[in-house]
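Containing compact mmCIF, C-alpha atoms: structure22.txt.
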# COMPACT_ATOMS: atom_id res chain seq x y z
CA MET H 947 -8.62 -24.22 -2.01
CA ASP H 948 -9.42 -25.65 1.42
CA ALA H 949 -9.82 -22.61 3.65
CA ALA H 950 -9.04 -24.62 6.76
CA LYS H 951 -5.54 -25.38 5.55
CA ASN H 952 -4.47 -21.77 4.96
CA LYS H 953 -1.79 -20.19 7.08
CA TYR H 954 -1.09 -16.47 7.04
CA SER H 955 2.39 -15.08 7.68
CA ILE H 956 2.13 -11.45 8.77
CA ILE H 957 5.37 -9.57 8.16
CA VAL H 958 5.80 -6.43 10.25
CA PRO H 959 9.00 -4.44 9.69
CA THR H 960 9.87 -2.37 12.74
CA TYR H 961 12.21 0.40 13.73
CA ASN H 962 11.72 2.00 17.13
CA GLU H 963 8.21 0.66 17.59
CA ARG H 964 8.57 -0.46 21.17
CA LEU H 965 5.01 0.40 22.18
CA ASN H 966 3.25 -0.03 18.86
CA ILE H 967 4.50 -3.55 18.27
CA ALA H 968 2.89 -4.74 21.50
CA LEU H 969 -0.37 -3.00 20.64
CA ILE H 970 -0.45 -4.35 17.13
CA VAL H 971 0.27 -7.91 18.25
CA TYR H 972 -2.59 -7.73 20.76
CA LEU H 973 -4.95 -6.41 18.08
CA ILE H 974 -3.96 -9.04 15.54
CA PHE H 975 -4.68 -11.80 18.03
CA LYS H 976 -7.94 -10.11 18.93
CA HIS H 977 -9.20 -9.90 15.35
CA LEU H 978 -8.02 -13.27 14.04
CA PRO H 979 -9.28 -15.71 16.67
CA ASP H 980 -9.91 -18.67 14.37
CA VAL H 981 -7.14 -18.19 11.86
CA ASP H 982 -3.84 -20.01 11.59
CA PHE H 983 -1.24 -17.24 11.46
CA GLU H 984 2.22 -16.21 12.54
CA ILE H 985 3.65 -12.73 13.02
CA ILE H 986 7.16 -12.16 11.70
CA VAL H 987 8.79 -9.10 13.23
CA VAL H 988 11.71 -7.84 11.18
CA ASP H 989 13.42 -5.34 13.43
CA ASP H 990 16.32 -3.31 12.08
CA GLY H 991 18.33 -3.06 15.27
CA SER H 992 16.03 -0.62 17.07
CA PRO H 993 17.84 1.24 19.82
CA ASP H 994 14.64 1.70 21.85
CA GLY H 995 14.37 -1.93 22.95
CA THR H 996 11.70 -3.07 20.49
CA GLN H 997 13.23 -6.54 20.41
CA GLU H 998 12.97 -6.88 24.21
CA ILE H 999 9.25 -6.19 23.98
CA VAL H 1000 8.88 -8.75 21.20
CA LYS H 1001 10.56 -11.34 23.42
CA GLN H 1002 8.05 -10.55 26.17
CA LEU H 1003 5.25 -10.97 23.66
CA GLN H 1004 6.72 -14.29 22.60
CA LYS H 1005 6.51 -15.50 26.20
CA LEU H 1006 2.87 -14.49 26.27
CA TYR H 1007 1.71 -15.74 22.89
CA GLY H 1008 4.24 -18.40 21.99
CA GLU H 1009 7.39 -18.43 19.90
CA ASP H 1010 5.60 -20.32 17.17
CA ARG H 1011 3.09 -17.47 16.76
CA ILE H 1012 5.57 -14.59 16.98
CA LEU H 1013 8.85 -14.88 15.14
CA LEU H 1014 11.58 -12.36 15.78
CA ARG H 1015 13.92 -12.16 12.82
CA PRO H 1016 16.01 -9.04 13.34
CA ARG H 1017 18.69 -7.40 11.27
CA ALA H 1018 21.70 -5.43 12.36
CA LYS H 1019 20.65 -2.03 11.11
CA LYS H 1020 18.20 -0.11 8.94
CA LEU H 1021 18.38 -1.82 5.58
CA GLY H 1022 15.19 -0.74 3.86
CA LEU H 1023 11.66 -1.98 3.45
CA GLY H 1024 12.07 -4.17 0.38
CA THR H 1025 14.84 -6.22 1.91
CA ALA H 1026 12.88 -6.39 5.17
CA TYR H 1027 10.03 -8.10 3.33
CA MET H 1028 12.43 -10.44 1.56
CA HIS H 1029 14.05 -11.29 4.89
CA GLY H 1030 10.67 -11.96 6.48
CA LEU H 1031 9.60 -14.00 3.49
CA LYS H 1032 12.50 -16.41 4.01
CA HIS H 1033 11.09 -17.30 7.42
CA ALA H 1034 7.44 -17.40 6.42
CA SER H 1035 5.80 -20.80 6.74
CA GLY H 1036 2.35 -19.72 5.59
CA ASN H 1037 0.93 -20.02 2.09
CA PHE H 1038 -0.23 -16.42 2.34
CA VAL H 1039 1.75 -13.36 3.37
CA VAL H 1040 0.38 -10.12 4.79
CA ILE H 1041 2.49 -6.99 4.90
CA MET H 1042 1.54 -4.11 7.14
CA ASP H 1043 3.04 -1.15 8.97
CA ALA H 1044 3.90 -1.36 12.65
CA ASP H 1045 2.76 2.11 13.64
CA LEU H 1046 -0.99 1.31 13.79
CA SER H 1047 -1.80 3.39 10.72
CA HIS H 1048 -2.88 -0.04 9.44
CA HIS H 1049 -5.45 -1.47 11.80
CA PRO H 1050 -5.53 -5.26 12.24
CA LYS H 1051 -9.32 -5.18 12.33
CA TYR H 1052 -9.24 -5.19 8.53
CA LEU H 1053 -7.35 -8.48 8.36
CA PRO H 1054 -10.54 -10.57 8.29
CA SER H 1055 -11.84 -8.57 5.32
CA PHE H 1056 -8.61 -9.18 3.41
CA ILE H 1057 -8.83 -12.89 4.08
CA LYS H 1058 -12.52 -13.04 3.21
CA LYS H 1059 -12.00 -11.19 -0.06
CA GLN H 1060 -9.23 -13.54 -1.07
CA LEU H 1061 -11.28 -16.63 -0.27
CA GLU H 1062 -14.29 -15.27 -2.15
CA THR H 1063 -12.43 -14.29 -5.29
CA GLY H 1064 -9.36 -16.50 -5.33
CA ALA H 1065 -7.27 -13.38 -5.89
CA SER H 1066 -3.48 -13.53 -5.89
CA ILE H 1067 -3.24 -10.16 -4.18
CA VAL H 1068 -5.66 -8.23 -2.00
CA THR H 1069 -4.61 -4.63 -1.48
CA GLY H 1070 -6.07 -2.13 0.96
CA THR H 1071 -7.29 1.13 -0.51
CA ARG H 1072 -7.86 4.35 1.40
CA TYR H 1073 -9.52 6.14 -1.48
CA VAL H 1074 -12.87 4.39 -1.91
CA THR H 1075 -16.12 4.62 0.00
CA GLY H 1076 -15.77 2.66 3.18
CA GLY H 1077 -12.12 3.60 3.40
CA GLY H 1078 -10.58 6.87 4.37
CA VAL H 1079 -7.79 8.84 5.92
CA HIS H 1080 -7.58 10.78 9.17
CA GLY H 1081 -4.90 13.28 10.07
CA TRP H 1082 -4.20 14.77 6.66
CA ASN H 1083 -4.55 18.48 6.06
CA LEU H 1084 -5.82 19.96 2.80
CA MET H 1085 -2.37 20.27 1.25
CA ARG H 1086 -1.58 16.66 1.98
CA LYS H 1087 -4.89 15.51 0.49
CA LEU H 1088 -4.29 17.65 -2.58
CA THR H 1089 -0.85 16.20 -3.26
CA SER H 1090 -2.16 12.71 -2.63
CA ARG H 1091 -5.03 13.17 -5.04
CA GLY H 1092 -2.86 14.89 -7.66
CA ALA H 1093 -0.26 12.16 -7.41
CA ASN H 1094 -2.93 9.52 -7.78
CA VAL H 1095 -4.52 11.11 -10.87
CA LEU H 1096 -1.10 11.46 -12.47
CA ALA H 1097 -0.22 7.85 -11.73
CA GLN H 1098 -3.58 6.59 -13.03
CA THR H 1099 -3.17 8.58 -16.26
CA LEU H 1100 0.42 7.55 -16.89
CA LEU H 1101 0.53 4.00 -15.60
CA TRP H 1102 -2.99 2.49 -15.82
CA PRO H 1103 -2.15 0.46 -12.73
CA GLY H 1104 -5.49 -1.26 -12.18
CA VAL H 1105 -5.70 -0.31 -8.50
CA SER H 1106 -6.99 2.83 -6.83
CA ASP H 1107 -4.33 3.11 -4.11
CA LEU H 1108 -0.82 2.69 -5.45
CA THR H 1109 1.33 3.65 -2.50
CA GLY H 1110 -0.58 1.68 0.09
CA SER H 1111 1.38 -0.96 1.97
CA PHE H 1112 -1.36 -2.97 3.65
CA ARG H 1113 -1.60 -6.04 1.42
CA LEU H 1114 -2.24 -9.76 1.36
CA TYR H 1115 -0.30 -11.85 -1.15
CA LYS H 1116 -0.24 -15.47 -2.09
CA LYS H 1117 3.26 -16.39 -0.97
CA SER H 1118 4.36 -17.60 -4.41
CA VAL H 1119 3.11 -14.39 -5.99
CA LEU H 1120 4.97 -12.19 -3.52
CA GLU H 1121 8.15 -14.14 -4.14
CA ASP H 1122 7.73 -13.70 -7.87
CA VAL H 1123 6.99 -9.98 -7.78
CA ILE H 1124 9.49 -8.96 -5.12
CA SER H 1125 12.40 -10.48 -6.99
CA SER H 1126 11.96 -8.02 -9.85
CA CYS H 1127 11.55 -4.85 -7.76
CA VAL H 1128 14.46 -2.51 -7.08
CA SER H 1129 12.94 0.76 -5.86
CA LYS H 1130 13.01 2.12 -2.33
CA GLY H 1131 10.40 3.53 0.03
CA TYR H 1132 6.89 4.07 -1.17
CA VAL H 1133 7.95 3.84 -4.83
CA PHE H 1134 8.76 0.25 -3.92
CA GLN H 1135 5.12 -0.32 -2.97
CA MET H 1136 4.04 1.19 -6.28
CA GLU H 1137 6.51 -0.93 -8.19
CA MET H 1138 5.22 -4.10 -6.52
CA ILE H 1139 1.61 -3.53 -7.42
CA VAL H 1140 2.31 -2.26 -10.94
CA ARG H 1141 4.57 -5.23 -11.74
CA ALA H 1142 1.93 -7.58 -10.37
CA SER H 1143 -0.65 -5.86 -12.54
CA ARG H 1144 1.55 -6.18 -15.63
CA LYS H 1145 2.04 -9.86 -14.91
CA ARG H 1146 -1.74 -10.16 -14.95
CA TYR H 1147 -2.09 -11.37 -11.38
CA HIS H 1148 -5.66 -11.21 -10.07
CA ILE H 1149 -5.73 -8.20 -7.75
CA GLU H 1150 -8.67 -7.25 -5.55
CA GLU H 1151 -9.13 -4.25 -3.28
CA VAL H 1152 -10.74 -3.79 0.14
CA PRO H 1153 -11.44 -0.43 1.77
CA ILE H 1154 -9.27 0.40 4.77
CA THR H 1155 -9.02 3.41 7.03
CA PHE H 1156 -5.66 4.97 7.64
CA VAL H 1157 -5.03 7.03 10.74
CA ASP H 1158 -1.84 8.95 10.17
CA ARG H 1159 -0.07 8.98 13.50
CA VAL H 1160 3.03 10.81 12.48
CA PHE H 1161 1.50 14.21 12.99
CA GLY H 1162 3.37 17.27 11.95
CA SER H 1163 6.24 15.53 10.25
CA SER H 1164 6.93 16.92 6.82
CA LYS H 1165 6.63 13.64 4.95
CA LEU H 1166 5.82 15.40 1.75
CA GLY H 1167 8.46 17.96 0.89
CA GLY H 1168 9.82 18.96 -2.49
CA SER H 1169 12.31 16.13 -2.59
CA GLU H 1170 9.57 13.57 -1.98
CA ILE H 1171 7.66 14.94 -4.95
CA VAL H 1172 10.74 14.72 -7.17
CA GLU H 1173 11.34 11.15 -6.01
CA TYR H 1174 7.73 10.33 -6.82
CA LEU H 1175 7.94 11.77 -10.34
CA LYS H 1176 11.19 9.93 -10.95
CA GLY H 1177 9.47 6.79 -9.73
CA LEU H 1178 6.60 7.28 -12.17
CA VAL H 1179 8.96 7.73 -15.11
CA TYR H 1180 10.97 4.70 -14.02
CA LEU H 1181 7.82 2.57 -13.84
CA MET H 1182 6.61 3.81 -17.22
CA ILE H 1183 9.85 2.76 -18.82
CA THR H 1184 10.49 -0.52 -17.08
CA THR H 1185 7.07 -2.14 -16.62
CA MET I 1279 5.52 -4.39 -24.09
CA LYS I 1280 6.79 -1.71 -21.74
CA HIS I 1281 4.12 0.75 -20.70
CA VAL I 1282 5.85 3.76 -22.20
CA LEU I 1283 5.74 1.97 -25.56
CA LYS I 1284 2.02 1.35 -25.14
CA LEU I 1285 1.50 5.07 -24.55
CA PHE I 1286 3.73 5.86 -27.51
CA SER I 1287 1.75 3.56 -29.82
CA LEU I 1288 -1.44 5.24 -28.67
CA LEU I 1289 0.09 8.60 -29.51
CA VAL I 1290 1.13 7.36 -32.96
CA LEU I 1291 -2.39 6.06 -33.56
CA ILE I 1292 -3.98 9.37 -32.60
CA SER I 1293 -1.46 11.26 -34.74
CA ALA I 1294 -2.22 9.02 -37.72
CA LEU I 1295 -5.92 9.72 -37.22
CA TRP I 1296 -5.20 13.43 -37.13
CA ILE I 1297 -3.09 13.35 -40.27
CA SER I 1298 -5.75 11.39 -42.14
CA LEU I 1299 -8.29 14.00 -41.08
CA LEU I 1300 -6.01 16.67 -42.52
CA GLN I 1301 -5.76 14.76 -45.79
CA ALA I 1302 -9.45 13.92 -46.05
CA SER I 1303 -10.65 17.46 -45.49
CA ILE I 1304 -13.95 16.38 -43.97
CA ILE I 1305 -13.47 19.11 -41.42
CA PRO I 1306 -12.15 22.52 -42.60
CA GLN I 1307 -8.32 22.58 -42.42
CA SER I 1308 -8.22 25.51 -40.03
CA HIS I 1309 -10.10 23.51 -37.41
CA THR I 1310 -8.14 20.33 -37.97
CA TRP I 1311 -4.84 22.07 -37.29
CA LEU I 1312 -6.09 23.09 -33.88
CA LEU I 1313 -7.28 19.61 -32.86
CA PRO I 1314 -4.07 18.66 -31.02
CA ILE I 1315 -4.35 21.82 -28.92
CA TYR I 1316 -7.98 21.04 -28.10
CA PHE I 1317 -6.96 17.52 -27.17
CA ILE I 1318 -4.17 18.59 -24.83
CA VAL I 1319 -6.29 21.26 -23.18
CA SER I 1320 -9.17 18.82 -22.71
CA LEU I 1321 -6.82 16.29 -21.17
CA GLY I 1322 -5.51 18.96 -18.81
CA CYS I 1323 -9.01 20.03 -17.83
CA TYR I 1324 -10.08 16.46 -17.27
CA GLY I 1325 -7.08 15.90 -15.04
CA LEU I 1326 -7.83 19.01 -12.99
CA LEU I 1327 -11.45 17.98 -12.74
CA MET I 1328 -10.48 14.56 -11.46
CA VAL I 1329 -8.20 16.12 -8.86
CA GLY I 1330 -10.89 18.58 -7.77
CA VAL I 1331 -13.68 16.02 -7.57
CA GLY I 1332 -11.43 13.58 -5.80
CA LEU I 1333 -10.43 16.22 -3.30
CA MET I 1334 -14.05 17.12 -2.57
CA ARG I 1335 -15.03 13.49 -2.17
CA PHE I 1336 -11.86 12.51 -0.28
CA PRO I 1337 -13.03 9.95 2.25
CA THR I 1338 -12.15 10.87 5.82
CA CYS I 1339 -12.72 8.95 9.01
CA PRO I 1340 -12.38 11.07 12.14
CA GLN I 1341 -14.23 8.45 14.17
CA GLU I 1342 -11.43 6.01 13.46
CA ALA I 1343 -8.99 8.07 15.50
CA VAL I 1344 -11.34 7.76 18.49
CA LEU I 1345 -11.78 4.03 17.97
CA LEU I 1346 -8.05 3.64 17.73
CA GLN I 1347 -7.52 5.37 21.07
CA GLN I 1348 -10.03 2.97 22.61
CA ASP I 1349 -8.22 0.01 21.09
CA ILE I 1350 -4.91 1.28 22.39
CA ALA I 1351 -6.30 1.65 25.91
CA GLU I 1352 -7.76 -1.86 25.78
CA ALA I 1353 -4.50 -3.29 24.51
CA LYS I 1354 -2.42 -1.53 27.15
CA ASP I 1355 -4.67 -2.81 29.93
CA PHE I 1356 -4.46 -6.39 28.77
CA LEU I 1357 -0.74 -6.37 28.17
CA LYS I 1358 0.08 -4.67 31.46
CA GLN I 1359 -1.87 -7.42 33.23
CA LYS I 1360 0.12 -10.07 31.43
CA GLY I 1361 3.45 -8.53 32.28
CA VAL I 1362 4.39 -6.95 28.98
CA ASP I 1363 6.09 -3.61 29.41
CA VAL I 1364 3.84 -0.96 27.88
CA GLY I 1365 5.19 1.95 29.86
CA SER I 1366 4.41 5.39 28.46
CA GLU I 1367 7.06 6.98 26.30
I need this file expressed as structure tokens, please.
Amino acid sequence: MDAAKNKYSIIVPTYNERLNIALIVYLIFKHLPDVDFEIIVVDDGSPDGTQEIVKQLQKLYGEDRILLRPRAKKLGLGTAYMHGLKHASGNFVVIMDADLSHHPKYLPSFIKKQLETGASIVTGTRYVTGGGVHGWNLMRKLTSRGANVLAQTLLWPGVSDLTGSFRLYKKSVLEDVISSCVSKGYVFQMEMIVRASRKRYHIEEVPITFVDRVFGSSKLGGSEIVEYLKGLVYLMITT
Amino acid sequence: MKHVLKLFSLLVLISALWISLLQASIIPQSHTWLLPIYFIVSLGCYGLLMVGVGLMRFPTCPQEAVLLQQDIAEAKDFLKQKGVDVGSE
């Protein structure tokens, strides 16, 4: 594969990320100076004016580098990726979060890993040396680790970080995998990588650091745990 | 083959092994009957060990939060200069 001919479409779903979207766009441009890429912002009708900021960024960086492809309202992550995918002109697609928990400085390592190994998917992992998490208390780490051990035992997924959503896909592979996924939320991310693993796609991992910026929010209550267990059972039965 | 079927086949295989051990009487029957319990308990202990070890070795990166703040400041400066609205919220 001729590295010079690769184009990377970076899909960033947003909802009320007025400040973060500007910061993340700046950082992407900073860390990918010699790469052909486009950023596809899929905004779900943010009331805080996120789309206005994106338009300002388009004036600064060019409408061919930043695509704004909004939707009317919050319609979920999976469909946001599919929507972004329709407008992606690259042969590779990167998905990442808009809130800066995923730092664009890792983008070069994703690209490098893919070029070195020819992998179909490169997924970021927080759980290996070189990676890490900041902003999690002991309870959060415990549930994360417990959930991971359970998932490894039951699913044999072939990756160390199942719920991570910082990934690089070959466009054709993403299209193939996403069409067969039906879950929502982070179970969706798990479903994507497990289905890809079952289809025997070549998956590589790179360490990433994750700075949790949503401090204090109870993202891991009892209902989340139940959803997670249901997700595991669903994936055991259907993949 | 769906994954749950793979796990099921594995279970059937282990059960067949266990039954053949019961038949063959290489090990005294009293011990053989307890093997499934030993197996489940060992699995449980292994799982707990993995959780414990993983928790102890959980990679953290406090310096990343600092670096991020620096990046944010740098980004805000640049964007403000170029006329993008990065007013504080």
Hey, could you make a per-residue contact list for chain H against chain I with 6 Å as the cut-off, showing the nearest pair of atoms and its distance in Å to one decimal, counting all atoms listed in the file, sorted by chain and number, as a Markdown table?
| residue | atom | partner | partner_atom | distance |
| --- | --- | --- | --- | --- |
| H:Leu965 | CA | I:Val1364 | CA | 6.0 |
| H:Leu969 | CA | I:Ala1353 | CA | 5.7 |
| H:Gln1002 | CA | I:Val1362 | CA | 5.9 |
| H:Gly1078 | CA | I:Pro1337 | CA | 4.5 |
| H:Val1079 | CA | I:Thr1338 | CA | 4.8 |
| H:His1080 | CA | I:Cys1339 | CA | 5.5 |
| H:Arg1091 | CA | I:Val1329 | CA | 5.8 |
| H:Gly1092 | CA | I:Val1329 | CA | 5.6 |
| H:Met1182 | CA | I:Val1282 | CA | 5.0 |
| H:Ile1183 | CA | I:Val1282 | CA | 5.3 |
| H:Thr1185 | CA | I:Lys1280 | CA | 5.1 |
Using the file's own x, y and z axes, so that the box edges lie along x, y and z, what centre and edge lengths in Å (one decimal) does a box around every listed atom of segment 963-980 of chain H get when 6 Å is added on each side? Give it as JSON.
{"center_x": -0.7, "center_y": -9.0, "center_z": 18.1, "size_x": 30.5, "size_y": 31.3, "size_z": 20.1}
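For the atom pair formed by atom CA of Lys951 of chain H and atom CA of Asn1037 of chain H, the distance is 9.1 Å, given to one decimal.
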Q.
When you look at Tyr1115 of chain H with a cut-off of 9 Å (counting all atoms listed in the file), what residues show up, excluding the ones that are within fewer than 4 positions of it in the same chain? I need them as JSON, numbers by chain.
A. {"H": [1037, 1038, 1039, 1040, 1041, 1065, 1066, 1067, 1068, 1069, 1119, 1120]}
(Q) At a cut-off of 12 Å around the point (-2.1, -0.3, 10.8) (file coordinates), what residues fall inside when counting all atoms listed in the file? I'd like the answer as a ChimeraX atom specification. (A) /H:958-959,966-967,969-971,973-974,1040-1053,1070,1072,1079,1110-1113,1154-1159 /I:1342-1343,1346,1349
Q | Nearby residues (only C-alpha atoms) at most 10 Å from Thr1063 of chain H, same-chain spacing under 4 positions excluded, as number ranges by chain | A | H: 1058-1059, 1068, 1148-1150
Q. Pick the closest to Tyr1324 of chain I from H:Val981, H:Val1095, H:Ala950, H:Asp1010: which is it, counting all atoms listed in the file?
A.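 Of H:Val981, H:Val1095, H:Ala950, H:Asp1010, the one nearest Tyr1324 of chain I is H:Val1095, counting all atoms listed in the file.
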Sphere at (13.2, -10.2, 0.6), radius 12 Å, counting only C-alpha atoms: residues as a tab-separated table (two decimals) with C-alpha atoms, in the coordinates of the input:
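Once written, point-v4.tsv looks like this:
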chain	number	residue	atom	x	y	z
H	957	ILE	CA	5.37	-9.57	8.16
H	959	PRO	CA	9.00	-4.44	9.69
H	988	VAL	CA	11.71	-7.84	11.18
H	1021	LEU	CA	18.38	-1.82	5.58
H	1022	GLY	CA	15.19	-0.74	3.86
H	1023	LEU	CA	11.66	-1.98	3.45
H	1024	GLY	CA	12.07	-4.17	0.38
H	1025	THR	CA	14.84	-6.22	1.91
H	1026	ALA	CA	12.88	-6.39	5.17
H	1027	TYR	CA	10.03	-8.10	3.33
H	1028	MET	CA	12.43	-10.44	1.56
H	1029	HIS	CA	14.05	-11.29	4.89
H	1030	GLY	CA	10.67	-11.96	6.48
H	1031	LEU	CA	9.60	-14.00	3.49
H	1032	LYS	CA	12.50	-16.41	4.01
H	1033	HIS	CA	11.09	-17.30	7.42
H	1034	ALA	CA	7.44	-17.40	6.42
H	1041	ILE	CA	2.49	-6.99	4.90
H	1117	LYS	CA	3.26	-16.39	-0.97
H	1120	LEU	CA	4.97	-12.19	-3.52
H	1121	GLU	CA	8.15	-14.14	-4.14
H	1122	ASP	CA	7.73	-13.70	-7.87
H	1123	VAL	CA	6.99	-9.98	-7.78
H	1124	ILE	CA	9.49	-8.96	-5.12
H	1125	SER	CA	12.40	-10.48	-6.99
H	1126	SER	CA	11.96	-8.02	-9.85
H	1127	CYS	CA	11.55	-4.85	-7.76
H	1128	VAL	CA	14.46	-2.51	-7.08
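Nearest to Thr1089 of chain H of all the residues H:Gly1168, H:Gly1036, H:Pro1054, H:Gly995 is H:Gly1168, based on all atoms listed in the file.
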